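Colleague: Quick one: the structure is below, questions incoming.
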Amino acid sequence: MQDTLATLISALLAAGLYATMSYGLALIYGVLKVINLANAGVLMLGAYVTWWMWDAFHVDPLLAPIVVLPLFFLFGIVLERVAIRRVIEQEPIVSLLLLFGVWLILQNVAYAIWTGDTRSIETPFVEATFKLGGIQLAWPRVYVFVAGALTLAVLQLFLTKTQFGRAIRAVSQDREAARLAGIDVERIYAVAFGIGIALSAFAGSLLSLLFPFGPDFGGALQLKSFCVVVLGGLDSFVGVAFGAILLSLAEAFGLRWMPASLQNLISFVLLVVVLIAFPKGIAGIIRSLRRV
Amino acid sequence: MRHVAAALCAAAFALCAVAAPLRPTVADNGPDQIVVGAALPLTGDESRIGGFYKAAYELAVKEINDLGGLELRVYHRKIPVKLIIYDDKTDPATSRNLYERLAVQDHVDAFLGGYSTELVQAQTVVPQAHQIPYVNGGGAATEIYHRGFKTVFGVLSSIENLAYSECDFIEVMQAQGKLPKPLKMAVVWENTSHGKDFVAGLSARAKQKPKNYKIVLNEAFDLHGKDFAPLLQKVKATDANAFMSDAHLDDYITMQRQYRQAGLHHAYVTYGARGPEKAARDALGDSVNYIFAATWWNSQIPNAAVRAFDDKWAKAYPKIPQEWYAALPYETARTLFIAMTEAGSVDKVKVTEALRHIDIRDTIIPGGHIRFEADGQMVAPFVVTENLPGGKVVIVYPKSESTGSAVLPVPST
């Protein structure tokens with residue numbers, strides 16, 4: 001019983017991590033219909049900026065998002081204006097290749113600045129643990145979970161309760177209708193891309209509390225993010241959160257009986273099954289149930 | 001007149017024909033330079049270690065060239081060495097292609113090997129195909145050498161031997177009452193031939209000495225993993241008193257951090273060949289204390305050749321620490337150059353033959369002796385080290401090389 005509870009809690013904490021990594025990807029796809037292959041590069045840069053602030057200026061990594069979020073929001077806006085806007089109306093493969101190129105550039109910039117050495121943030125908080133009903137939990141994992149849940153709440157509030165959020169949703173549902181309604185679609189694209197990039201960098205900042213990293217950081221996690229986003233539905237944050245929970249539960253309980261080396265197999269089998277059986281993901285299932 | 005010219009031409013040809021043997025031919029004089037090539041992981045997951053290999057190869061080549069080159073008796077002169085290094089980006093396919101390029105376009109006389117088992121495994125098909133001598137100090141898995149490749153040689157003793165060395169040490173500690181008997185081992189290993197050798201070594205010893213060992217968990221994990229929490233949860237569910245992991249540097253750093261976060265504690269903790277690296281200490285601080293490792297080299301080995309190498313390295317690269325990633329490739333290059341000198345030429349068959357029979361006694365590796373087995377791999381002792389507080393690393397085994405006593409069982413902090 002204790003083992004099952006420990007596995008359940010571990011899965012929920014991992015779900016927080018997976019969801020946080022995936023919100024940026026889902027927002028950018030939802031609004032711009034662009035798959036952000038540079039997501040891994042942004043995760044990595046978010047981790048580096050957090051580490052650099054801690055290493056060079058002794059800034060507590062928990063405070064790093066104060067800098068990371070606006071910095072990467074601006075980076076996202078510039079990237080959208082300079083590159084994405086030029087290819088958004090073209091075949092999806094063009095934006096895919098463009099963002100893949102951006103990822104490679106970011107990786108090489110990181111190599112040039114920080115070399116390939118493995119970096120890691122070491123503070124008392126990073127190693128702090130506590131016991132809950134006899135189960136040992138790491139504070140950083142709990143922190144990442146809480147940050148993921150708060151991000152979901154803030155995003156939902158922003159999208160449903162603010163004028164700008166409603167405009168973003170309008171563009172994501174039908175860009176031409178939104179344009180006819182007087183919404184500045186190009187501005188929405190830029191801001192949504194900026195927010196998506198900022199969310200990914202925020203996730204990178206959080207991940208730096210959990211994992212050592214180098215310029216190649218993020219590639220394996222990006223695959224998980226794709227799984228989560230496809231499981232959840234490509235344009236729904238609540239769906240993403242459920243997708244993250246489903247994936248982490250499948251991994252955690254699957255690995256109780258399977259070798260750990262098959263962790264990725266579980267993710268991708270789940271991905272294939274969902275794509276075949278429920279191509280619109282959990283969000284699609286929820287929408288169908290509501291209609292019924 | 002035309003007849004006179006024809007006669008003069010004929011005479012000139014005849015003179016050339018007679019004079020030719022008196023003048024050394026290009027072949028007799030030997031090449032202008034000896035070309036040696038390698039592909040190293042200078043970017044990608046293994047880039048940090050690739051940097052060590054590049055620095056070590058360059059140091060070994062510089063030493064030779066500072067003396068005028070390699071003395072090859074067939075050509076009666078010294079010939080400088082040209083080193084070509086490419087970046088394989090830690091990608092096995094790229095690595096293999098680059099070795100192909102070194103063979104076909106750069107016409108290398110010999111290869112130096114890359115780093116990490118999976119890359120070495122991929123690249124060694126090229127020296128075999130082109131019959132070019134190849135020496136590496138970065139691939140230890142036995143699978144590399146069990147393919148019948150005749151031109152492939154490796155100065156890293158096998159991972160199975162690494163496991164045996166740790167077991168030898170553990171048995172000494174058990175005899176002293178510092179470790180329980182049997183030692184219940186949770187064995188987790190990277191899913192590569194490197195990891196398979198590690199678990200094969202431990203399993204063989206456990207089978208041979210059931211009173212000393214019991215394997216309570218035997219589980220593989222993916223190389224360059226990110227989240228080991230589910231695996232560590234399995235470890236936690238066992239009653240193991242030893243955590244025996246075989247991991248590469250980045251996985252060691254990630255796993256050890258998560259090991260601590262999971263609140264795990266064992267009487268004995270090892271990550272195979274990884275443990276004392278400065279990068280791990282920089283990344284994890286005191287979390288690396290009391291970790292044991294069996295490595296192919298350590299800068300503290302009490303030996304004059306090692307001290308000389310330490311000084312040489314510190315002078316050449318004051319910012320790069322003396323780790324085994326530096327010493328082994330240096331010795332790899334030196335082994336190739338000694339073989340070329342003994343062969344007396346750059347003839348690939350002769351150099352391969354010289355490598356097969358090489359017997360070097362004054363090396364910097366533990367035991368000091370380099371000699372290849374019939375399969376091309378070397379058998380040499382390992383040194384077992386333990387990380388101690390304050391950034392200290394001591395050699396705890398074998399006794400002849402030890403610089404301190406083991407702190408065992410690992411204290412709970």
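Here's how to read the names in the structure tokens: chain A, B, ... by the order shown, residue numbers from 1 in each chain, ligand numbers from 1 in the order shown.
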Write out as a ChimeraX atom specification each polymer residue whose atoms come within 10 Å of Val144 in chain A, counting only C-alpha atoms; drop sequence neighbours fewer than 5 positions from it.

Modeller: /A:13-20,139,149-150,203,205-207,209-210

Colleague: Counting only C-alpha atoms, which residues of chain A come no farther than 8 Å from chain B, as a VMD selection string?

Modeller: chain A and resid 3 7 10 111 115 to 122 127 to 129 136 to 138 210 to 212 214 to 216 220 to 221 252 255 to 256 259 to 262

Colleague: Which neighbours of Val238 in chain A fall inside 10 Å, counting only C-alpha atoms, when residues of the same chain fewer than 4 positions from it are skipped, and could you give them as an mmCIF file with all heavy atoms, in the first residue's frame?

Modeller:
data_model
loop_
_atom_site.group_PDB
_atom_site.id
_atom_site.type_symbol
_atom_site.label_atom_id
_atom_site.label_comp_id
_atom_site.auth_asym_id
_atom_site.auth_seq_id
_atom_site.Cartn_x
_atom_site.Cartn_y
_atom_site.Cartn_z
ATOM 1 N N ALA A 19 3.770 18.750 -17.438
ATOM 2 C CA ALA A 19 2.810 19.776 -17.864
ATOM 3 C C ALA A 19 3.515 21.119 -18.030
ATOM 4 O O ALA A 19 3.320 21.809 -19.030
ATOM 5 C CB ALA A 19 1.693 19.880 -16.826
ATOM 6 N N TYR A 23 3.243 23.544 -21.656
ATOM 7 C CA TYR A 23 2.286 24.643 -21.856
ATOM 8 C C TYR A 23 2.706 25.558 -23.016
ATOM 9 O O TYR A 23 1.880 25.972 -23.824
ATOM 10 C CB TYR A 23 2.150 25.479 -20.578
ATOM 11 C CG TYR A 23 1.459 24.769 -19.432
ATOM 12 C CD1 TYR A 23 1.901 24.904 -18.129
ATOM 13 C CD2 TYR A 23 0.343 23.965 -19.663
ATOM 14 C CE1 TYR A 23 1.276 24.259 -17.078
ATOM 15 C CE2 TYR A 23 -0.289 23.310 -18.612
ATOM 16 C CZ TYR A 23 0.187 23.459 -17.325
ATOM 17 O OH TYR A 23 -0.439 22.816 -16.286
ATOM 18 N N LEU A 152 -0.994 26.808 -14.758
ATOM 19 C CA LEU A 152 -2.244 26.403 -15.407
ATOM 20 C C LEU A 152 -3.382 27.336 -14.987
ATOM 21 O O LEU A 152 -4.147 27.831 -15.833
ATOM 22 C CB LEU A 152 -2.576 24.956 -15.028
ATOM 23 C CG LEU A 152 -3.909 24.421 -15.530
ATOM 24 C CD1 LEU A 152 -3.937 24.370 -17.045
ATOM 25 C CD2 LEU A 152 -4.190 23.033 -14.965
ATOM 26 N N ALA A 153 -3.459 27.632 -13.671
ATOM 27 C CA ALA A 153 -4.541 28.489 -13.167
ATOM 28 C C ALA A 153 -4.433 29.891 -13.764
ATOM 29 O O ALA A 153 -5.431 30.463 -14.231
ATOM 30 C CB ALA A 153 -4.470 28.546 -11.640
ATOM 31 N N LEU A 155 -2.921 30.829 -16.523
ATOM 32 C CA LEU A 155 -3.199 30.796 -17.961
ATOM 33 C C LEU A 155 -4.704 30.737 -18.219
ATOM 34 O O LEU A 155 -5.222 31.453 -19.087
ATOM 35 C CB LEU A 155 -2.530 29.567 -18.594
ATOM 36 C CG LEU A 155 -1.088 29.741 -19.052
ATOM 37 C CD1 LEU A 155 -0.516 28.403 -19.484
ATOM 38 C CD2 LEU A 155 -0.992 30.742 -20.189
ATOM 39 N N GLN A 156 -5.396 29.893 -17.452
ATOM 40 C CA GLN A 156 -6.843 29.760 -17.640
ATOM 41 C C GLN A 156 -7.543 31.086 -17.339
ATOM 42 O O GLN A 156 -8.424 31.516 -18.088
ATOM 43 C CB GLN A 156 -7.398 28.648 -16.729
ATOM 44 C CG GLN A 156 -7.194 27.246 -17.260
ATOM 45 C CD GLN A 156 -7.852 27.021 -18.621
ATOM 46 O OE1 GLN A 156 -7.182 26.936 -19.635
ATOM 47 N NE2 GLN A 156 -9.178 26.958 -18.658
ATOM 48 N N GLY A 232 -3.005 15.275 -24.588
ATOM 49 C CA GLY A 232 -3.958 16.209 -24.011
ATOM 50 C C GLY A 232 -4.844 16.872 -25.038
ATOM 51 O O GLY A 232 -5.921 17.351 -24.721
ATOM 52 N N GLY A 233 -4.395 16.928 -26.260
ATOM 53 C CA GLY A 233 -5.105 17.725 -27.265
ATOM 54 C C GLY A 233 -4.237 18.925 -27.540
ATOM 55 O O GLY A 233 -3.762 19.570 -26.601
ATOM 56 N N PHE A 242 -4.100 17.077 -18.051
ATOM 57 C CA PHE A 242 -4.572 15.693 -17.951
ATOM 58 C C PHE A 242 -3.636 14.742 -18.718
ATOM 59 O O PHE A 242 -3.387 13.624 -18.274
ATOM 60 C CB PHE A 242 -6.011 15.576 -18.478
ATOM 61 C CG PHE A 242 -7.038 15.948 -17.454
ATOM 62 C CD1 PHE A 242 -7.807 17.096 -17.589
ATOM 63 C CD2 PHE A 242 -7.229 15.152 -16.328
ATOM 64 C CE1 PHE A 242 -8.744 17.451 -16.625
ATOM 65 C CE2 PHE A 242 -8.166 15.502 -15.364
ATOM 66 C CZ PHE A 242 -8.923 16.650 -15.518
ATOM 67 N N GLY A 243 -3.162 15.201 -19.851
ATOM 68 C CA GLY A 243 -2.218 14.385 -20.641
ATOM 69 C C GLY A 243 -0.964 14.077 -19.832
ATOM 70 O O GLY A 243 -0.455 12.955 -19.836
ATOM 71 N N ALA A 244 -0.485 15.096 -19.113
ATOM 72 C CA ALA A 244 0.718 14.920 -18.292
ATOM 73 C C ALA A 244 0.456 13.900 -17.186
ATOM 74 O O ALA A 244 1.300 13.035 -16.901
ATOM 75 C CB ALA A 244 1.138 16.259 -17.699
ATOM 76 N N ILE A 282 -7.265 14.045 -25.091
ATOM 77 C CA ILE A 282 -8.209 14.092 -23.972
ATOM 78 C C ILE A 282 -9.187 15.255 -24.137
ATOM 79 O O ILE A 282 -10.380 15.125 -23.864
ATOM 80 C CB ILE A 282 -7.430 14.215 -22.646
ATOM 81 C CG1 ILE A 282 -6.652 12.918 -22.408
ATOM 82 C CG2 ILE A 282 -8.365 14.477 -21.477
ATOM 83 C CD1 ILE A 282 -5.650 13.001 -21.290
ATOM 84 N N ALA A 283 -8.679 16.391 -24.638
ATOM 85 C CA ALA A 283 -9.557 17.554 -24.821
ATOM 86 C C ALA A 283 -10.692 17.204 -25.781
ATOM 87 O O ALA A 283 -11.846 17.603 -25.569
ATOM 88 C CB ALA A 283 -8.745 18.728 -25.348
#

Colleague: Mind listing the strand (DSSP E) residues of range 288-409 of chain B, per DSSP on the backbone, as a list of chain:residue names?

Modeller: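 Strand (DSSP E) assignments inside range 288-409 of chain B correspond to B:Phe292, B:Ala293, B:Ala294, B:Thr295, B:Val383, B:Val384, B:Thr385, B:Glu386, B:Asn387, B:Leu388, B:Lys392, B:Val393, B:Val394, B:Ile395, B:Val396, B:Tyr397.
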
Colleague: Based on the selection just made, write C-alpha atoms of those residues as a PDB file, in the first residue's frame.

Modeller:
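What ended up in out27.pdb:
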ATOM      1  CA  PHE B 292      33.610   4.576  -4.731  1.00  0.00           C
ATOM      2  CA  ALA B 293      34.913   4.194  -8.262  1.00  0.00           C
ATOM      3  CA  ALA B 294      37.209   1.812 -10.091  1.00  0.00           C
ATOM      4  CA  THR B 295      39.170   3.742 -12.683  1.00  0.00           C
ATOM      5  CA  VAL B 383      42.552   1.521  -8.893  1.00  0.00           C
ATOM      6  CA  VAL B 384      39.587   1.876  -6.532  1.00  0.00           C
ATOM      7  CA  THR B 385      39.064   5.406  -5.227  1.00  0.00           C
ATOM      8  CA  GLU B 386      36.783   6.983  -2.664  1.00  0.00           C
ATOM      9  CA  ASN B 387      35.603  10.603  -2.588  1.00  0.00           C
ATOM     10  CA  LEU B 388      36.036  12.178   0.816  1.00  0.00           C
ATOM     11  CA  LYS B 392      39.596  14.842  -1.440  1.00  0.00           C
ATOM     12  CA  VAL B 393      39.949  11.623  -3.409  1.00  0.00           C
ATOM     13  CA  VAL B 394      41.982   8.713  -2.057  1.00  0.00           C
ATOM     14  CA  ILE B 395      43.085   5.496  -3.687  1.00  0.00           C
ATOM     15  CA  VAL B 396      41.911   2.726  -1.375  1.00  0.00           C
ATOM     16  CA  TYR B 397      42.802  -0.320  -3.459  1.00  0.00           C
TER      17      TYR B 397
END

Colleague: As number ranges by chain, which residues of range 42-79 of chain A does DSSP assign to helix (DSSP H, G or I)?

Modeller: A: 42-57, 65-79

Colleague: Take the residues just selected and output them with N, CA, C and O atoms as a tab-separated table (two decimals), in the first residue's frame.

Modeller:
chain	number	residue	atom	x	y	z
A	42	VAL	N	14.91	26.45	-25.98
A	42	VAL	CA	14.47	27.49	-25.04
A	42	VAL	C	14.50	26.96	-23.61
A	42	VAL	O	14.92	27.66	-22.68
A	43	LEU	N	14.09	25.69	-23.44
A	43	LEU	CA	14.20	25.06	-22.11
A	43	LEU	C	15.64	25.14	-21.62
A	43	LEU	O	15.92	25.51	-20.48
A	44	MET	N	16.55	24.79	-22.53
A	44	MET	CA	17.97	24.76	-22.18
A	44	MET	C	18.47	26.17	-21.82
A	44	MET	O	19.15	26.36	-20.82
A	45	LEU	N	18.07	27.17	-22.62
A	45	LEU	CA	18.53	28.53	-22.33
A	45	LEU	C	17.94	29.05	-21.01
A	45	LEU	O	18.62	29.75	-20.27
A	46	GLY	N	16.69	28.69	-20.75
A	46	GLY	CA	16.08	29.09	-19.48
A	46	GLY	C	16.86	28.53	-18.31
A	46	GLY	O	17.10	29.22	-17.30
A	47	ALA	N	17.30	27.27	-18.46
A	47	ALA	CA	18.11	26.64	-17.40
A	47	ALA	C	19.46	27.37	-17.26
A	47	ALA	O	19.92	27.65	-16.15
A	48	TYR	N	20.07	27.68	-18.41
A	48	TYR	CA	21.38	28.34	-18.36
A	48	TYR	C	21.29	29.73	-17.72
A	48	TYR	O	22.16	30.11	-16.92
A	49	VAL	N	20.26	30.50	-18.10
A	49	VAL	CA	20.14	31.86	-17.55
A	49	VAL	C	19.97	31.79	-16.03
A	49	VAL	O	20.59	32.55	-15.29
A	50	THR	N	19.18	30.81	-15.58
A	50	THR	CA	18.98	30.63	-14.13
A	50	THR	C	20.30	30.28	-13.45
A	50	THR	O	20.66	30.85	-12.41
A	51	TRP	N	21.01	29.34	-14.07
A	51	TRP	CA	22.29	28.92	-13.50
A	51	TRP	C	23.30	30.07	-13.48
A	51	TRP	O	24.00	30.30	-12.51
A	52	TRP	N	23.32	30.82	-14.59
A	52	TRP	CA	24.28	31.91	-14.73
A	52	TRP	C	24.03	33.00	-13.68
A	52	TRP	O	24.95	33.51	-13.06
A	53	MET	N	22.76	33.32	-13.46
A	53	MET	CA	22.43	34.33	-12.45
A	53	MET	C	22.84	33.85	-11.06
A	53	MET	O	23.33	34.62	-10.23
A	54	TRP	N	22.65	32.55	-10.82
A	54	TRP	CA	23.02	31.98	-9.52
A	54	TRP	C	24.55	31.92	-9.37
A	54	TRP	O	25.10	32.31	-8.34
A	55	ASP	N	25.21	31.47	-10.43
A	55	ASP	CA	26.66	31.26	-10.37
A	55	ASP	C	27.43	32.60	-10.34
A	55	ASP	O	28.36	32.76	-9.56
A	56	ALA	N	27.02	33.54	-11.19
A	56	ALA	CA	27.78	34.79	-11.31
A	56	ALA	C	27.32	35.84	-10.31
A	56	ALA	O	28.15	36.61	-9.82
A	57	PHE	N	26.03	35.90	-10.03
A	57	PHE	CA	25.51	36.99	-9.18
A	57	PHE	C	24.83	36.50	-7.91
A	57	PHE	O	24.25	37.29	-7.17
A	65	PRO	N	12.83	33.37	-12.25
A	65	PRO	CA	11.73	33.63	-13.19
A	65	PRO	C	11.39	35.11	-13.34
A	65	PRO	O	10.89	35.53	-14.38
A	66	ILE	N	11.71	35.92	-12.32
A	66	ILE	CA	11.44	37.36	-12.42
A	66	ILE	C	12.18	37.95	-13.62
A	66	ILE	O	11.70	38.86	-14.29
A	67	VAL	N	13.36	37.41	-13.90
A	67	VAL	CA	14.14	37.87	-15.05
A	67	VAL	C	13.84	37.01	-16.29
A	67	VAL	O	13.67	37.54	-17.39
A	68	VAL	N	13.73	35.70	-16.07
A	68	VAL	CA	13.59	34.77	-17.20
A	68	VAL	C	12.30	35.05	-17.98
A	68	VAL	O	12.32	35.10	-19.22
A	69	LEU	N	11.19	35.24	-17.29
A	69	LEU	CA	9.90	35.40	-17.99
A	69	LEU	C	9.90	36.62	-18.93
A	69	LEU	O	9.65	36.46	-20.13
A	70	PRO	N	10.21	37.85	-18.44
A	70	PRO	CA	10.19	38.98	-19.38
A	70	PRO	C	11.27	38.90	-20.45
A	70	PRO	O	11.03	39.25	-21.60
A	71	LEU	N	12.45	38.37	-20.07
A	71	LEU	CA	13.55	38.28	-21.04
A	71	LEU	C	13.16	37.39	-22.23
A	71	LEU	O	13.34	37.77	-23.39
A	72	PHE	N	12.58	36.25	-21.92
A	72	PHE	CA	12.24	35.32	-23.00
A	72	PHE	C	10.94	35.71	-23.70
A	72	PHE	O	10.73	35.34	-24.85
A	73	PHE	N	10.09	36.47	-23.00
A	73	PHE	CA	8.90	37.01	-23.68
A	73	PHE	C	9.38	37.93	-24.82
A	73	PHE	O	8.91	37.82	-25.96
A	74	LEU	N	10.35	38.78	-24.50
A	74	LEU	CA	10.90	39.68	-25.53
A	74	LEU	C	11.60	38.89	-26.64
A	74	LEU	O	11.43	39.18	-27.83
A	75	PHE	N	12.34	37.87	-26.24
A	75	PHE	CA	13.03	37.03	-27.22
A	75	PHE	C	12.01	36.39	-28.18
A	75	PHE	O	12.20	36.36	-29.40
A	76	GLY	N	10.91	35.92	-27.60
A	76	GLY	CA	9.86	35.29	-28.41
A	76	GLY	C	9.26	36.28	-29.39
A	76	GLY	O	9.03	35.96	-30.56
A	77	ILE	N	9.01	37.50	-28.91
A	77	ILE	CA	8.40	38.52	-29.79
A	77	ILE	C	9.35	38.84	-30.95
A	77	ILE	O	8.94	38.90	-32.11
A	78	VAL	N	10.63	38.99	-30.62
A	78	VAL	CA	11.61	39.31	-31.67
A	78	VAL	C	11.69	38.15	-32.67
A	78	VAL	O	11.69	38.36	-33.89
A	79	LEU	N	11.72	36.91	-32.15
A	79	LEU	CA	11.81	35.74	-33.04
A	79	LEU	C	10.58	35.66	-33.96
A	79	LEU	O	10.70	35.38	-35.15

Colleague: Pick out the closest residue to Gly30 in chain A from this set: A:Leu63, A:Ile168, A:Val87, A:Val146. Count only C-alpha atoms.

Modeller: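 Residue with the minimum atom-to-atom distance to Gly30 in chain A: A:Ile168.
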
Colleague: Which residues, written as a CSV table (one decimal) with all heavy atoms, in the first residue's frame, have at least one atom at most 7 Å from range 92-107 of chain A, with only C-alpha atoms counted and residues fewer than 5 positions away on the same chain left out?

Modeller:
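part15.csv was written with the following content:
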chain,number,residue,atom,x,y,z
A,34,VAL,N,1.8,26.3,-35.2
A,34,VAL,CA,3.2,26.1,-35.5
A,34,VAL,C,3.7,25.2,-34.5
A,34,VAL,O,3.5,25.4,-33.3
A,34,VAL,CB,4.0,27.4,-35.5
A,34,VAL,CG1,5.5,27.2,-35.4
A,34,VAL,CG2,3.7,28.2,-36.8
A,35,ILE,N,4.4,24.1,-34.9
A,35,ILE,CA,5.0,23.2,-33.8
A,35,ILE,C,6.4,23.7,-33.5
A,35,ILE,O,7.3,23.8,-34.4
A,35,ILE,CB,5.1,21.7,-34.4
A,35,ILE,CG1,3.7,21.2,-34.6
A,35,ILE,CG2,5.9,20.9,-33.4
A,35,ILE,CD1,3.6,19.9,-35.3
A,36,ASN,N,6.6,24.1,-32.3
A,36,ASN,CA,7.8,24.8,-31.9
A,36,ASN,C,8.9,23.8,-31.6
A,36,ASN,O,9.1,23.4,-30.5
A,36,ASN,CB,7.5,25.7,-30.6
A,36,ASN,CG,8.8,26.4,-30.2
A,36,ASN,OD1,9.7,26.5,-31.0
A,36,ASN,ND2,8.8,26.9,-29.0
A,37,LEU,N,9.7,23.5,-32.6
A,37,LEU,CA,10.8,22.5,-32.4
A,37,LEU,C,11.9,23.1,-31.6
A,37,LEU,O,12.8,22.4,-31.2
A,37,LEU,CB,11.3,22.0,-33.8
A,37,LEU,CG,10.6,20.8,-34.4
A,37,LEU,CD1,11.3,20.4,-35.7
A,37,LEU,CD2,10.5,19.7,-33.4
A,38,ALA,N,11.9,24.5,-31.5
A,38,ALA,CA,13.0,25.1,-30.7
A,38,ALA,C,12.7,25.1,-29.2
A,38,ALA,O,13.4,25.6,-28.5
A,38,ALA,CB,13.1,26.6,-31.2
A,41,GLY,N,15.5,24.0,-27.1
A,41,GLY,CA,16.6,25.0,-27.0
A,41,GLY,C,16.2,26.1,-26.0
A,41,GLY,O,17.0,26.6,-25.3
A,84,ILE,N,9.3,33.9,-37.7
A,84,ILE,CA,8.1,33.1,-37.8
A,84,ILE,C,7.1,33.7,-38.7
A,84,ILE,O,6.4,33.1,-39.5
A,84,ILE,CB,7.5,32.9,-36.4
A,84,ILE,CG1,8.5,32.3,-35.4
A,84,ILE,CG2,6.2,32.0,-36.5
A,84,ILE,CD1,9.1,31.0,-35.8
A,87,VAL,N,7.0,32.9,-42.4
A,87,VAL,CA,6.8,31.5,-42.9
A,87,VAL,C,5.4,31.0,-42.4
A,87,VAL,O,5.0,29.9,-42.8
A,87,VAL,CB,7.9,30.6,-42.4
A,87,VAL,CG1,9.2,31.0,-43.0
A,87,VAL,CG2,7.9,30.4,-40.9
A,215,PRO,N,24.4,22.0,-23.1
A,215,PRO,CA,23.8,22.6,-24.3
A,215,PRO,C,22.8,21.6,-25.0
A,215,PRO,O,21.9,22.1,-25.7
A,215,PRO,CB,24.9,22.9,-25.3
A,215,PRO,CG,26.1,23.1,-24.3
A,215,PRO,CD,25.9,22.1,-23.2
A,216,ASP,N,22.9,20.3,-24.8
A,216,ASP,CA,22.0,19.4,-25.5
A,216,ASP,C,20.8,19.1,-24.6
A,216,ASP,O,19.9,18.3,-25.0
A,216,ASP,CB,22.7,18.0,-25.7
A,216,ASP,CG,23.8,18.2,-26.8
A,216,ASP,OD1,23.6,19.0,-27.6
A,216,ASP,OD2,24.8,17.4,-26.7

Colleague: Write out as a ChimeraX atom specification each polymer residue whose atoms come within 7 Å of range 328-334 of chain B, counting only C-alpha atoms; drop sequence neighbours fewer than 5 positions from it.

Modeller: /B:53,56-57,60,112,135-137,155

Colleague: So what do you get for CA of Ile215 in chain B versus CA of Trp297 in chain B, distance-wise?

Modeller: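 So the answer is 27.9 Å.
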
Colleague: One decimal, Å: what's the distance from CA of Leu40 in chain B over to CA of Phe111 in chain B, could you say?

Modeller: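 Answer for the CA of Leu40 in chain B to CA of Phe111 in chain B separation: 11.6 Å.
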
Colleague: Leu355 in chain B: which residues within 8 Å, counting only C-alpha atoms, same-chain residues fewer than 2 positions away excluded, as a count of residues only?

Modeller: 10

Colleague: From the set B:Pro411, B:Tyr75, B:Tyr268, B:Gln377, which residue has the shortest atom-to-atom contact distance to Glu143 in chain B, counting only C-alpha atoms?

Modeller: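 With only C-alpha atoms as the atom set, the closest residue is B:Gln377.
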
Colleague: When you look at Val104 in chain B with a cut-off of 10 Å (counting only C-alpha atoms), what residues show up, excluding the ones that are within fewer than 5 positions of it in the same chain? I need them as a VMD selection string.

Modeller: chain B and resid 98 to 99 130

Colleague: Smallest atom-to-atom distance to Thr151 in chain A: which of A:Trp257, A:Phe202, A:Phe278, A:Phe217, using only C-alpha atoms?

Modeller: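 Closest candidate: A:Phe202.
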